[in-house]
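Trainee: So I've got this file, input-v3.txt, and it contains compact mmCIF, C-alpha atoms:
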# COMPACT_ATOMS: atom_id res chain seq x y z
CA MET A 1 0.00 0.00 0.00
CA THR A 2 1.31 3.48 -0.78
CA VAL A 3 0.05 6.68 0.65
CA SER A 4 0.27 10.25 -0.57
CA VAL A 5 1.30 13.02 1.71
CA THR A 6 0.62 16.67 0.90
CA ILE A 7 3.72 18.66 1.64
CA GLU A 8 3.59 21.31 4.28
CA HIS A 9 4.34 24.58 2.57
CA THR A 10 4.75 28.24 3.08
CA GLU A 11 4.74 29.21 -0.54
CA ARG A 12 2.14 28.72 -3.21
CA SER A 13 4.28 26.99 -5.77
CA GLU A 14 3.40 23.69 -7.37
CA ALA A 15 6.65 22.26 -6.09
CA THR A 16 5.49 22.33 -2.51
CA THR A 17 1.97 21.11 -3.17
CA THR A 18 2.85 18.10 -5.24
CA PRO A 19 2.07 14.93 -3.35
CA VAL A 20 5.01 12.73 -2.48
CA GLU A 21 4.77 8.98 -2.68
CA THR A 22 5.98 7.49 0.56
CA PRO A 23 6.43 3.92 1.67
CA ALA A 24 3.86 2.30 3.86
CA PRO A 25 5.51 1.36 7.16
CA ARG A 26 3.58 -1.86 7.64
CA ARG A 27 4.34 -3.22 4.23
CA ARG A 28 6.82 -6.07 4.28
CA SER A 29 8.99 -7.15 1.41
CA THR A 30 7.96 -10.38 -0.19
CA PRO A 31 10.69 -12.76 -1.33
CA ALA A 32 9.60 -12.17 -4.90
CA ARG A 33 9.97 -8.39 -4.64
CA LEU A 34 13.30 -8.70 -2.85
CA ALA A 35 14.59 -11.08 -5.50
CA LEU A 36 13.35 -8.73 -8.20
CA GLY A 37 15.10 -5.78 -6.58
CA LEU A 38 18.40 -7.65 -6.26
CA ALA A 39 18.12 -8.88 -9.84
CA LEU A 40 17.54 -5.33 -11.08
CA ILE A 41 20.53 -4.00 -9.17
CA ALA A 42 22.73 -6.84 -10.44
CA ALA A 43 21.54 -6.16 -13.96
CA GLY A 44 22.26 -2.48 -13.44
CA ALA A 45 25.81 -3.21 -12.27
CA LEU A 46 26.40 -5.36 -15.35
CA ALA A 47 24.91 -2.63 -17.54
CA LEU A 48 27.31 -0.14 -15.92
CA LEU A 49 30.36 -2.26 -16.73
CA LEU A 50 29.23 -2.75 -20.32
CA SER A 51 28.33 0.92 -20.65
CA VAL A 52 31.76 2.08 -19.53
CA GLY A 53 33.44 -0.42 -21.85
CA VAL A 54 31.39 0.56 -24.89
CA ALA A 55 31.57 4.29 -24.14
CA VAL A 56 35.36 4.11 -24.10
CA THR A 57 35.35 2.72 -27.66
CA LEU A 58 33.37 5.70 -28.99
CA GLY A 59 35.20 8.63 -30.50
CA PRO A 60 37.22 9.78 -33.53
CA ALA A 61 39.93 7.16 -32.94
CA ASP A 62 38.71 3.62 -33.60
CA VAL A 63 39.27 1.45 -30.53
CA SER A 64 37.61 -1.94 -30.22
CA LEU A 65 36.10 -3.39 -27.08
CA VAL A 66 38.73 -6.17 -27.17
CA ASN A 67 41.50 -3.57 -27.20
CA VAL A 68 39.89 -1.83 -24.25
CA ARG A 69 39.88 -5.13 -22.36
CA ASP A 70 43.53 -5.81 -23.20
CA ILE A 71 44.64 -2.32 -22.17
CA LEU A 72 42.76 -2.58 -18.90
CA LEU A 73 44.22 -6.01 -18.09
CA ASN A 74 47.72 -4.79 -18.97
CA HIS A 75 47.51 -1.86 -16.57
CA LEU A 76 46.08 -4.09 -13.85
CA GLY A 77 49.02 -6.44 -14.26
CA LEU A 78 46.82 -9.35 -15.31
CA ALA A 79 48.12 -9.66 -18.87
CA GLN A 80 50.92 -8.54 -21.17
CA THR A 81 49.04 -8.26 -24.45
CA PRO A 82 50.76 -6.07 -27.10
CA VAL A 83 48.72 -2.95 -27.93
CA ARG A 84 49.42 0.27 -29.81
CA VAL A 85 50.89 3.03 -27.70
CA SER A 86 48.45 5.54 -29.17
CA GLU A 87 45.44 3.37 -28.30
CA ASP A 88 46.78 2.79 -24.81
CA ALA A 89 47.11 6.54 -24.27
CA ILE A 90 43.64 7.28 -25.63
CA VAL A 91 41.95 4.64 -23.49
CA TRP A 92 43.98 4.82 -20.28
CA GLU A 93 44.76 8.53 -20.13
CA GLU A 94 41.66 10.09 -21.71
CA ARG A 95 38.50 8.08 -22.21
CA LEU A 96 38.50 5.67 -19.27
CA PRO A 97 39.10 8.34 -16.57
CA ARG A 98 36.43 10.49 -18.19
CA ALA A 99 33.88 7.66 -18.28
CA LEU A 100 34.58 6.71 -14.65
CA VAL A 101 34.25 10.31 -13.43
CA ALA A 102 30.98 10.53 -15.36
CA ALA A 103 29.76 7.35 -13.66
CA ALA A 104 30.78 8.62 -10.23
CA SER A 105 29.13 11.99 -10.84
CA GLY A 106 25.86 10.38 -11.92
CA ALA A 107 25.89 7.99 -8.98
CA GLY A 108 26.69 10.69 -6.42
CA LEU A 109 24.23 13.29 -7.70
CA GLY A 110 21.48 10.68 -7.92
CA LEU A 111 22.21 9.57 -4.35
CA CYS A 112 22.03 13.17 -3.12
CA GLY A 113 18.72 13.67 -4.89
CA ALA A 114 17.18 10.57 -3.31
CA ILE A 115 18.28 11.63 0.17
CA LEU A 116 17.11 15.24 -0.21
CA GLN A 117 13.72 14.25 -1.62
CA SER A 118 13.12 12.12 1.45
CA LEU A 119 14.45 14.66 3.98
CA THR A 120 12.46 17.55 2.51
CA ARG A 121 9.46 15.41 1.49
CA ASN A 122 9.60 17.27 -1.77
CA PRO A 123 9.71 15.30 -5.05
CA LEU A 124 11.36 18.23 -6.82
CA SER A 125 14.36 18.49 -4.51
CA ASP A 126 17.82 17.83 -5.84
CA PRO A 127 21.37 18.83 -4.79
CA TYR A 128 21.00 22.25 -6.32
CA VAL A 129 18.10 23.21 -4.10
CA LEU A 130 20.65 23.83 -1.34
CA GLY A 131 22.44 26.41 -3.46
CA VAL A 132 25.62 24.33 -3.42
CA SER A 133 26.00 24.41 -7.19
CA SER A 134 25.57 28.17 -7.33
CA GLY A 135 28.11 28.62 -4.55
CA ALA A 136 30.57 26.42 -6.41
CA SER A 137 30.06 28.49 -9.54
CA THR A 138 30.77 31.70 -7.66
CA GLY A 139 33.93 30.25 -6.12
CA ALA A 140 35.20 29.06 -9.50
CA VAL A 141 34.52 32.44 -11.09
CA LEU A 142 36.31 34.33 -8.30
CA VAL A 143 39.37 32.16 -8.76
CA GLY A 144 39.28 32.05 -12.55
CA VAL A 145 38.45 35.69 -13.20
CA LEU A 146 39.72 37.66 -10.22
CA GLY A 147 42.43 35.30 -8.99
CA VAL A 148 41.40 35.93 -5.38
CA SER A 149 43.35 32.91 -4.18
CA GLY A 150 46.61 34.25 -5.55
CA GLY A 151 47.18 30.95 -7.30
CA ALA A 152 46.86 28.86 -4.14
CA LEU A 153 43.59 27.38 -5.35
CA GLY A 154 42.69 26.10 -8.75
CA LEU A 155 39.29 26.36 -10.36
CA SER A 156 38.17 23.18 -8.62
CA GLY A 157 39.47 24.36 -5.26
CA GLY A 158 37.59 27.62 -5.58
CA ALA A 159 34.44 25.75 -6.51
CA PHE A 160 34.76 23.49 -3.49
CA ALA A 161 35.28 26.45 -1.14
CA GLY A 162 32.34 28.30 -2.66
CA ALA A 163 30.09 25.26 -2.31
CA LEU A 164 30.90 24.91 1.38
CA ILE A 165 30.31 28.62 2.00
CA ALA A 166 26.95 28.41 0.23
CA PHE A 167 25.93 25.41 2.29
CA GLY A 168 26.92 27.18 5.50
CA LEU A 169 24.84 30.20 4.50
CA VAL A 170 21.82 27.98 3.79
CA VAL A 171 22.15 26.32 7.20
CA VAL A 172 22.26 29.73 8.93
CA LEU A 173 19.28 31.03 6.94
CA ALA A 174 17.29 27.88 7.68
CA ARG A 175 17.83 28.33 11.42
CA TYR A 176 16.25 31.79 11.22
CA THR A 177 13.19 30.55 9.33
CA SER A 178 10.87 27.76 10.38
CA GLY A 179 13.83 25.41 10.80
CA GLY A 180 11.85 22.65 9.12
CA THR A 181 11.96 21.21 5.64
CA SER A 182 10.18 24.17 4.06
CA GLY A 183 12.66 26.52 5.70
CA ILE A 184 15.57 24.59 4.21
CA ILE A 185 13.98 24.74 0.77
CA LEU A 186 13.39 28.48 1.00
CA ALA A 187 16.91 29.07 2.31
CA GLY A 188 18.27 27.01 -0.59
CA VAL A 189 16.29 29.04 -3.12
CA ALA A 190 17.54 32.29 -1.57
CA GLY A 191 21.13 31.06 -1.57
CA THR A 192 20.85 29.90 -5.18
CA GLN A 193 19.59 33.27 -6.35
CA LEU A 194 22.21 35.16 -4.34
CA PHE A 195 25.21 33.22 -5.62
CA SER A 196 23.88 33.14 -9.19
CA ALA A 197 23.64 36.93 -9.08
CA LEU A 198 27.18 37.21 -7.68
CA THR A 199 28.51 34.95 -10.43
CA SER A 200 26.85 36.99 -13.15
CA LEU A 201 28.06 40.24 -11.56
CA VAL A 202 31.70 39.13 -11.46
CA ILE A 203 31.60 37.88 -15.06
CA PHE A 204 29.86 41.03 -16.29
CA ALA A 205 32.18 43.42 -14.49
CA PHE A 206 35.63 41.80 -14.71
CA ALA A 207 35.86 38.94 -17.23
CA ASP A 208 37.12 39.37 -20.78
CA SER A 209 35.69 37.36 -23.65
CA ASP A 210 38.12 34.44 -23.32
CA GLU A 211 37.63 34.14 -19.57
CA THR A 212 33.87 34.38 -19.93
CA ARG A 213 33.85 31.61 -22.52
CA GLY A 214 36.02 29.29 -20.42
CA VAL A 215 34.12 29.84 -17.18
CA MET A 216 30.70 29.50 -18.80
CA PHE A 217 31.74 26.21 -20.44
CA TRP A 218 32.86 24.87 -17.08
CA LEU A 219 29.68 26.07 -15.37
CA LEU A 220 27.61 24.08 -17.87
CA GLY A 221 29.37 20.90 -16.80
CA SER A 222 32.59 19.64 -18.31
CA LEU A 223 34.40 16.31 -18.13
CA GLU A 224 37.28 17.39 -20.32
CA GLY A 225 40.77 16.53 -19.11
CA MET A 226 39.78 14.13 -16.34
CA ARG A 227 42.71 12.38 -14.65
CA TRP A 228 43.03 9.34 -12.42
CA ASP A 229 43.36 11.65 -9.41
CA ASP A 230 39.86 12.91 -10.21
CA VAL A 231 38.62 9.33 -10.53
CA ALA A 232 40.04 8.41 -7.13
CA LEU A 233 38.54 11.48 -5.43
CA CYS A 234 35.07 11.06 -6.94
CA ALA A 235 34.98 7.30 -6.37
CA ALA A 236 36.03 7.69 -2.73
CA VAL A 237 33.36 10.24 -1.86
CA VAL A 238 30.63 8.34 -3.72
CA VAL A 239 31.49 5.03 -2.03
CA ALA A 240 31.60 6.69 1.39
CA GLY A 241 28.36 8.57 0.70
CA THR A 242 26.59 5.44 -0.49
CA ALA A 243 27.66 3.53 2.61
CA LEU A 244 26.43 6.31 4.91
CA GLY A 245 23.21 6.64 2.94
CA LEU A 246 22.48 2.92 3.16
CA GLY A 247 23.21 3.05 6.88
CA SER A 248 20.50 5.72 7.17
CA ALA A 249 17.94 3.93 4.97
CA ARG A 250 15.60 3.22 7.87
CA SER A 251 15.73 6.85 8.98
CA LEU A 252 14.98 8.03 5.44
CA ASP A 253 11.96 5.71 5.31
CA ALA A 254 10.70 7.30 8.52
CA PHE A 255 11.41 10.87 7.33
CA ALA A 256 9.14 10.23 4.36
CA PHE A 257 6.21 10.25 6.82
CA GLY A 258 7.31 13.42 8.55
CA GLU A 259 9.53 14.43 11.41
CA ASP A 260 6.95 13.61 14.08
CA VAL A 261 6.68 10.03 12.86
CA ALA A 262 10.46 9.76 12.67
CA ALA A 263 10.80 11.03 16.23
CA SER A 264 8.16 8.57 17.44
CA LEU A 265 10.26 5.76 15.98
CA GLY A 266 13.24 6.79 18.12
CA ILE A 267 15.14 8.73 15.48
CA HIS A 268 17.01 11.87 16.56
CA VAL A 269 15.46 14.12 13.94
CA ALA A 270 17.66 17.22 14.14
CA ARG A 271 20.94 15.33 14.32
CA THR A 272 20.04 12.90 11.54
CA ARG A 273 18.82 15.66 9.25
CA PHE A 274 21.96 17.74 9.84
CA LEU A 275 24.27 14.79 9.17
CA LEU A 276 22.48 13.80 5.96
CA LEU A 277 22.30 17.39 4.70
CA THR A 278 26.01 17.78 5.41
CA LEU A 279 26.66 14.54 3.54
CA THR A 280 24.78 15.70 0.45
CA ALA A 281 26.45 19.13 0.54
CA LEU A 282 29.97 17.72 0.79
CA LEU A 283 29.30 15.09 -1.86
CA THR A 284 27.78 17.63 -4.24
CA ALA A 285 30.55 20.15 -3.60
CA THR A 286 33.22 17.57 -4.40
CA LEU A 287 31.55 16.43 -7.62
CA VAL A 288 30.78 19.96 -8.79
CA SER A 289 34.36 21.04 -8.10
CA VAL A 290 35.57 18.29 -10.44
CA ALA A 291 32.90 18.15 -13.15
CA GLY A 292 31.12 21.49 -12.95
CA ALA A 293 27.40 22.05 -12.57
CA ILE A 294 25.37 19.08 -13.86
CA GLY A 295 21.64 19.35 -13.36
CA PHE A 296 18.61 17.04 -13.50
CA VAL A 297 20.51 13.87 -12.51
CA GLY A 298 19.63 14.20 -8.84
CA LEU A 299 16.10 15.25 -9.70
CA VAL A 300 15.07 12.57 -12.18
CA LEU A 301 16.98 9.37 -11.34
CA PRO A 302 15.52 8.80 -7.84
CA HIS A 303 12.01 8.81 -9.34
CA ALA A 304 13.03 6.29 -11.98
CA SER A 305 14.50 4.06 -9.28
CA ARG A 306 11.30 4.17 -7.22
CA MET A 307 9.32 3.08 -10.26
CA LEU A 308 11.63 0.07 -10.64
CA VAL A 309 12.26 -1.14 -7.08
CA GLY A 310 9.55 0.43 -4.93
CA GLN A 311 9.79 3.02 -2.18
CA ARG A 312 12.09 1.63 0.49
CA HIS A 313 15.45 3.38 0.60
CA SER A 314 17.39 0.17 1.18
CA ARG A 315 16.54 -0.56 -2.47
CA VAL A 316 16.03 2.96 -3.84
CA LEU A 317 19.52 4.20 -2.91
CA PRO A 318 21.60 1.44 -4.57
CA ALA A 319 19.29 1.43 -7.58
CA THR A 320 19.65 5.20 -7.94
CA VAL A 321 23.43 4.95 -7.68
CA VAL A 322 23.59 2.37 -10.47
CA LEU A 323 21.05 4.09 -12.71
CA GLY A 324 22.71 7.47 -12.21
CA ALA A 325 26.09 6.05 -13.16
CA VAL A 326 24.77 4.33 -16.31
CA PHE A 327 22.79 7.42 -17.28
CA MET A 328 25.76 9.76 -17.00
CA VAL A 329 28.13 7.45 -18.87
CA TRP A 330 25.84 7.36 -21.89
CA VAL A 331 24.93 11.06 -21.75
CA ASP A 332 28.61 11.99 -21.60
CA ALA A 333 29.45 9.63 -24.47
CA ALA A 334 26.70 11.21 -26.57
CA ALA A 335 27.88 14.72 -25.65
CA ARG A 336 31.44 13.77 -26.60
CA VAL A 337 30.68 12.39 -30.06
CA ALA A 338 27.56 14.29 -31.14
CA PHE A 339 29.41 17.46 -32.17
CA ALA A 340 32.94 16.06 -32.42
CA PRO A 341 35.57 17.42 -32.38
CA THR A 342 33.82 20.13 -30.32
CA PRO A 343 32.43 18.56 -27.11
CA LEU A 344 28.97 19.51 -25.91
CA PRO A 345 28.91 20.55 -22.21
CA VAL A 346 27.56 17.57 -20.34
CA GLY A 347 25.23 19.76 -18.29
CA VAL A 348 23.49 20.79 -21.50
CA ALA A 349 23.10 17.14 -22.50
CA THR A 350 21.61 16.13 -19.14
CA ALA A 351 19.13 19.00 -19.41
CA ILE A 352 18.09 17.97 -22.92
CA VAL A 353 17.42 14.44 -21.71
CA GLY A 354 16.21 15.35 -18.25
CA VAL A 355 13.60 17.98 -19.05
CA PRO A 356 11.29 15.65 -21.08
CA VAL A 357 11.63 12.97 -18.41
CA PHE A 358 10.89 15.55 -15.74
CA VAL A 359 7.73 16.65 -17.57
CA LEU A 360 6.58 13.03 -17.83
CA LEU A 361 7.10 12.63 -14.09
CA LEU A 362 5.02 15.74 -13.40
CA VAL A 363 2.22 14.43 -15.62
CA ARG A 364 2.42 11.07 -13.87
CA GLN A 365 2.25 12.73 -10.46
CA ARG A 366 -0.76 14.77 -11.53
CA GLY A 367 -2.52 11.65 -12.78
CA ARG A 368 -2.13 10.06 -9.38
CA ALA A 369 -3.27 13.16 -7.47
Spell out the structure here as structure tokens.
Mentor:
Amino acid sequence: MTVSVTIEHTERSEATTTPVETPAPRRRSTPARLALGLALIAAGALALLLSVGVAVTLGPADVSLVNVRDILLNHLGLAQTPVRVSEDAIVWEERLPRALVAAASGAGLGLCGAILQSLTRNPLSDPYVLGVSSGASTGAVLVGVLGVSGGALGLSGGAFAGALIAFGLVVVLARYTSGGTSGIILAGVAGTQLFSALTSLVIFAFADSDETRGVMFWLLGSLEGMRWDDVALCAAVVVAGTALGLGSARSLDAFAFGEDVAASLGIHVARTRFLLLTLTALLTATLVSVAGAIGFVGLVLPHASRMLVGQRHSRVLPATVVLGAVFMVWVDAAARVAFAPTPLPVGVATAIVGVPVFVLLLVRQRGRA
């Protein structure tokens, strides 16, 4: 049985009046549903491996899937198969790190979206509702255009610092509002608008044409020039975030019914909410600092996962991680080859794919209302 909960709101937007599907607490998983969920996740993991392998073969230089396998085994020390040096460089130094960062970004942003939608009981929440992306953009622009760090921070470092400052501002603003989920949403909207305005102001006032072009391309999401250091950083934060998210699955199930219900089940509401919000902010800040602003992944993928595996977060979170990774690998591959040799910003590609899916979700929600 599923129930619909009308979101408490202080504004008259559709976002806060859209009913949220929440899990029924008394519903128990049947062996058939559990087996189906595990089978879907296993199939998703296999699809991810195949997606990364096939995506690496795509591009101007012709590289077969067998060559990709041989190069990977060579670098892992499991084989000594002769391969061309040029193919090895293309696969190992360019395409494979890029595909893995794309997978990590999709997984992490999807995970953040699933957690935020449960905490805020708002189906339209995603990592950007906290203003973290806008803060990261402002930090990157200050470093790239004004050089405020004096060279101590790169573009990514500035983005990370800006994201953390934005999150801190949202937390402070939320404490001076209702302090509840609606207060966090409103504080996130205010922070997003503030940092977006600051970013535009700095670009308008100080950037020349070349700087404006470079910063705007990065702000739209870019996976150009990914290195193995980026892969290690993104993979580490996504694995840690997934583990913490799964450890909080029961709390997220309870939050879907409201804070009072969660408290009645013995959950420390304020502490749990702060920890999970901090987790999503740090995870988003890290991914944005590496790959730029990528929208719609955290918004759309959690809904797709719920349609596949049900409402419980013990299944929704891993399914969202896998689906987000597969989604981003293919979107990035399409963005890389569609207008080759000029790459399309991956944030533009996710928006092109995500907006129609988002509209379908809204129509579906309205049909159930």
Trainee: Using only C-alpha atoms, which residue out of A:Val239, A:Leu186, A:Val66, A:Val321 lies closest to Ala45 (chain A)?
Mentor: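 The answer is A:Val321, which sits nearest to Ala45 (chain A).
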Trainee: Mind checking which residues fall within 10 Å of Thr278 (chain A), counting all atoms listed in the file, ignoring those fewer than 3 positions away in the same chain, and posting them as a PyMOL selection string?
Mentor: chain A and resi 164+167-168+171+272-275+281-284
Trainee: Quote the spacing between CA of Ala159 (chain A) and CA of Ser137 (chain A) in Å to one decimal place.
Mentor: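 Answer for the CA of Ala159 (chain A) to CA of Ser137 (chain A) separation: 6.0 Å.
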Trainee: List every protein, DNA or RNA residue that has at least one atom no more than 12 Å from (18.8, -3.9, -13.2) in the file's coordinates, counting all atoms listed in the file, and write the result as a ChimeraX atom specification.
Mentor: /A:35-48,304-305,308-309,315-316,318-323,326
Trainee: Could you save those same residues with C-alpha atoms as a compact mmCIF listing (two decimals), in the frame of the given file?
Mentor:
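In the end it all went to result-v9.txt:
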# COMPACT_ATOMS: atom_id res chain seq x y z
CA ALA A 35 14.59 -11.08 -5.50
CA LEU A 36 13.35 -8.73 -8.20
CA GLY A 37 15.10 -5.78 -6.58
CA LEU A 38 18.40 -7.65 -6.26
CA ALA A 39 18.12 -8.88 -9.84
CA LEU A 40 17.54 -5.33 -11.08
CA ILE A 41 20.53 -4.00 -9.17
CA ALA A 42 22.73 -6.84 -10.44
CA ALA A 43 21.54 -6.16 -13.96
CA GLY A 44 22.26 -2.48 -13.44
CA ALA A 45 25.81 -3.21 -12.27
CA LEU A 46 26.40 -5.36 -15.35
CA ALA A 47 24.91 -2.63 -17.54
CA LEU A 48 27.31 -0.14 -15.92
CA ALA A 304 13.03 6.29 -11.98
CA SER A 305 14.50 4.06 -9.28
CA LEU A 308 11.63 0.07 -10.64
CA VAL A 309 12.26 -1.14 -7.08
CA ARG A 315 16.54 -0.56 -2.47
CA VAL A 316 16.03 2.96 -3.84
CA PRO A 318 21.60 1.44 -4.57
CA ALA A 319 19.29 1.43 -7.58
CA THR A 320 19.65 5.20 -7.94
CA VAL A 321 23.43 4.95 -7.68
CA VAL A 322 23.59 2.37 -10.47
CA LEU A 323 21.05 4.09 -12.71
CA VAL A 326 24.77 4.33 -16.31
Trainee: Would you kindly return, as a ChimeraX atom specification, each protein, DNA or RNA residue with an atom no farther than 9 Å from any atom of region 336-347 of chain A, considering all atoms listed in the file and excluding same-chain residues fewer than 5 positions away?
Mentor: /A:58-60,217-224,291-296,328,331,352
Trainee: Need the shell around Val63 (chain A): protein/DNA/RNA residues with any atom at most 9 Å away, counting only C-alpha atoms. Skip same-chain ones fewer than 5 positions apart. Format as a PyMOL selection string?
Mentor: chain A and resi 56-58+68+87+90-91
Trainee: Can you pull out the residues contacting Ala254 (chain A)? Cut-off 9 Å, using all atoms listed in the file, and skip same-chain residues under 2 positions away; I want them as a VMD selection string.
Mentor: chain A and resid 23 25 118 249 to 252 256 to 259 261 to 263 265 267
Trainee: Pick out the residues sitting within 7 Å of region 128-136 of chain A, and hand them over as a list of chain:residue names; count only C-alpha atoms, and ignore anything fewer than 5 positions along from it in its own chain.
Mentor: A:Ala159, A:Phe160, A:Gly162, A:Ala163, A:Ile165, A:Ala166, A:Phe167, A:Val170, A:Ile185, A:Gly188, A:Val189, A:Gly191, A:Thr192, A:Phe195, A:Ser196, A:Ala281, A:Ala285, A:Val288, A:Ser289, A:Ala293
Trainee: So, counting only C-alpha atoms, which residue among A:Ala174, A:Val290, A:Leu201, A:Ala207 is closest to Cys234 (chain A)?
Mentor: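 Among the listed residues, the smallest separation from Cys234 (chain A) belongs to A:Val290.
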Trainee: So how many Å separate CA of Leu49 (chain A) and CA of Arg69 (chain A), to one decimal?
Mentor: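 That distance, rounded to one decimal, is 11.4 Å.
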Trainee: Point out the residue among A:Ala104, A:Ala197, A:Ile115, A:Val357 with the least atom-to-atom distance to Ala232 (chain A), counting all atoms listed in the file.
Mentor: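 Between A:Ala104, A:Ala197, A:Ile115, A:Val357, the residue approaching Ala232 (chain A) most closely is A:Ala104.
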Trainee: Taking all atoms listed in the file into account, which of A:Ser105, A:Ser51, A:Thr280, A:Thr212 comes nearest Asp126 (chain A)?
Mentor: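 The shortest atom-to-atom distance to Asp126 (chain A) comes from A:Thr280.
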Trainee: For each of A:Leu279, A:Val269, A:Ile203, A:Leu124, take the minimum atom-to-atom distance to Leu142 (chain A), counting all atoms listed in the file, then give the residue where this is smallest.
Mentor: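 When distances to Leu142 (chain A) are compared using all atoms listed in the file, the smallest one comes from A:Ile203.
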Trainee: State, in Å with one decimal place, the distance from CA of Ala161 (chain A) to CA of Gly214 (chain A).
Mentor: 19.5 Å
Trainee: Under the rule that only C-alpha atoms are counted, which of A:Leu276, A:Ala243, A:Val348, A:Val359 is the nearest residue to Cys112 (chain A)?
Mentor: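 Closest to Cys112 (chain A) of all the choices is A:Leu276.
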Trainee: Have region 99-105 of chain A completed to all heavy atoms, please, and pass it along as a compact mmCIF listing (two decimals), keeping the file's coordinate frame.
Mentor:
# COMPACT_ATOMS: atom_id res chain seq x y z
N ALA A 99 35.09 8.47 -18.46
CA ALA A 99 33.88 7.66 -18.28
C ALA A 99 33.66 7.32 -16.80
O ALA A 99 32.52 7.31 -16.32
CB ALA A 99 33.99 6.37 -19.10
N LEU A 100 34.73 7.06 -16.07
CA LEU A 100 34.58 6.71 -14.65
C LEU A 100 34.17 7.91 -13.82
O LEU A 100 33.37 7.78 -12.88
CB LEU A 100 35.89 6.12 -14.13
CG LEU A 100 36.27 4.75 -14.73
CD1 LEU A 100 37.62 4.29 -14.19
CD2 LEU A 100 35.19 3.70 -14.43
N VAL A 101 34.70 9.10 -14.14
CA VAL A 101 34.25 10.31 -13.43
C VAL A 101 32.78 10.59 -13.75
O VAL A 101 32.00 10.99 -12.88
CB VAL A 101 35.13 11.51 -13.80
CG1 VAL A 101 34.53 12.81 -13.25
CG2 VAL A 101 36.54 11.33 -13.25
N ALA A 102 32.39 10.36 -15.01
CA ALA A 102 30.98 10.53 -15.36
C ALA A 102 30.10 9.58 -14.55
O ALA A 102 29.05 9.98 -14.02
CB ALA A 102 30.78 10.27 -16.86
N ALA A 103 30.53 8.33 -14.44
CA ALA A 103 29.76 7.35 -13.66
C ALA A 103 29.67 7.76 -12.20
O ALA A 103 28.59 7.70 -11.58
CB ALA A 103 30.40 5.96 -13.78
N ALA A 104 30.79 8.21 -11.63
CA ALA A 104 30.78 8.62 -10.23
C ALA A 104 29.91 9.85 -10.02
O ALA A 104 29.18 9.95 -9.03
CB ALA A 104 32.22 8.90 -9.77
N SER A 105 29.96 10.79 -10.97
CA SER A 105 29.13 11.99 -10.84
C SER A 105 27.64 11.65 -10.90
O SER A 105 26.85 12.15 -10.09
CB SER A 105 29.47 12.98 -11.96
OG SER A 105 30.82 13.38 -11.88
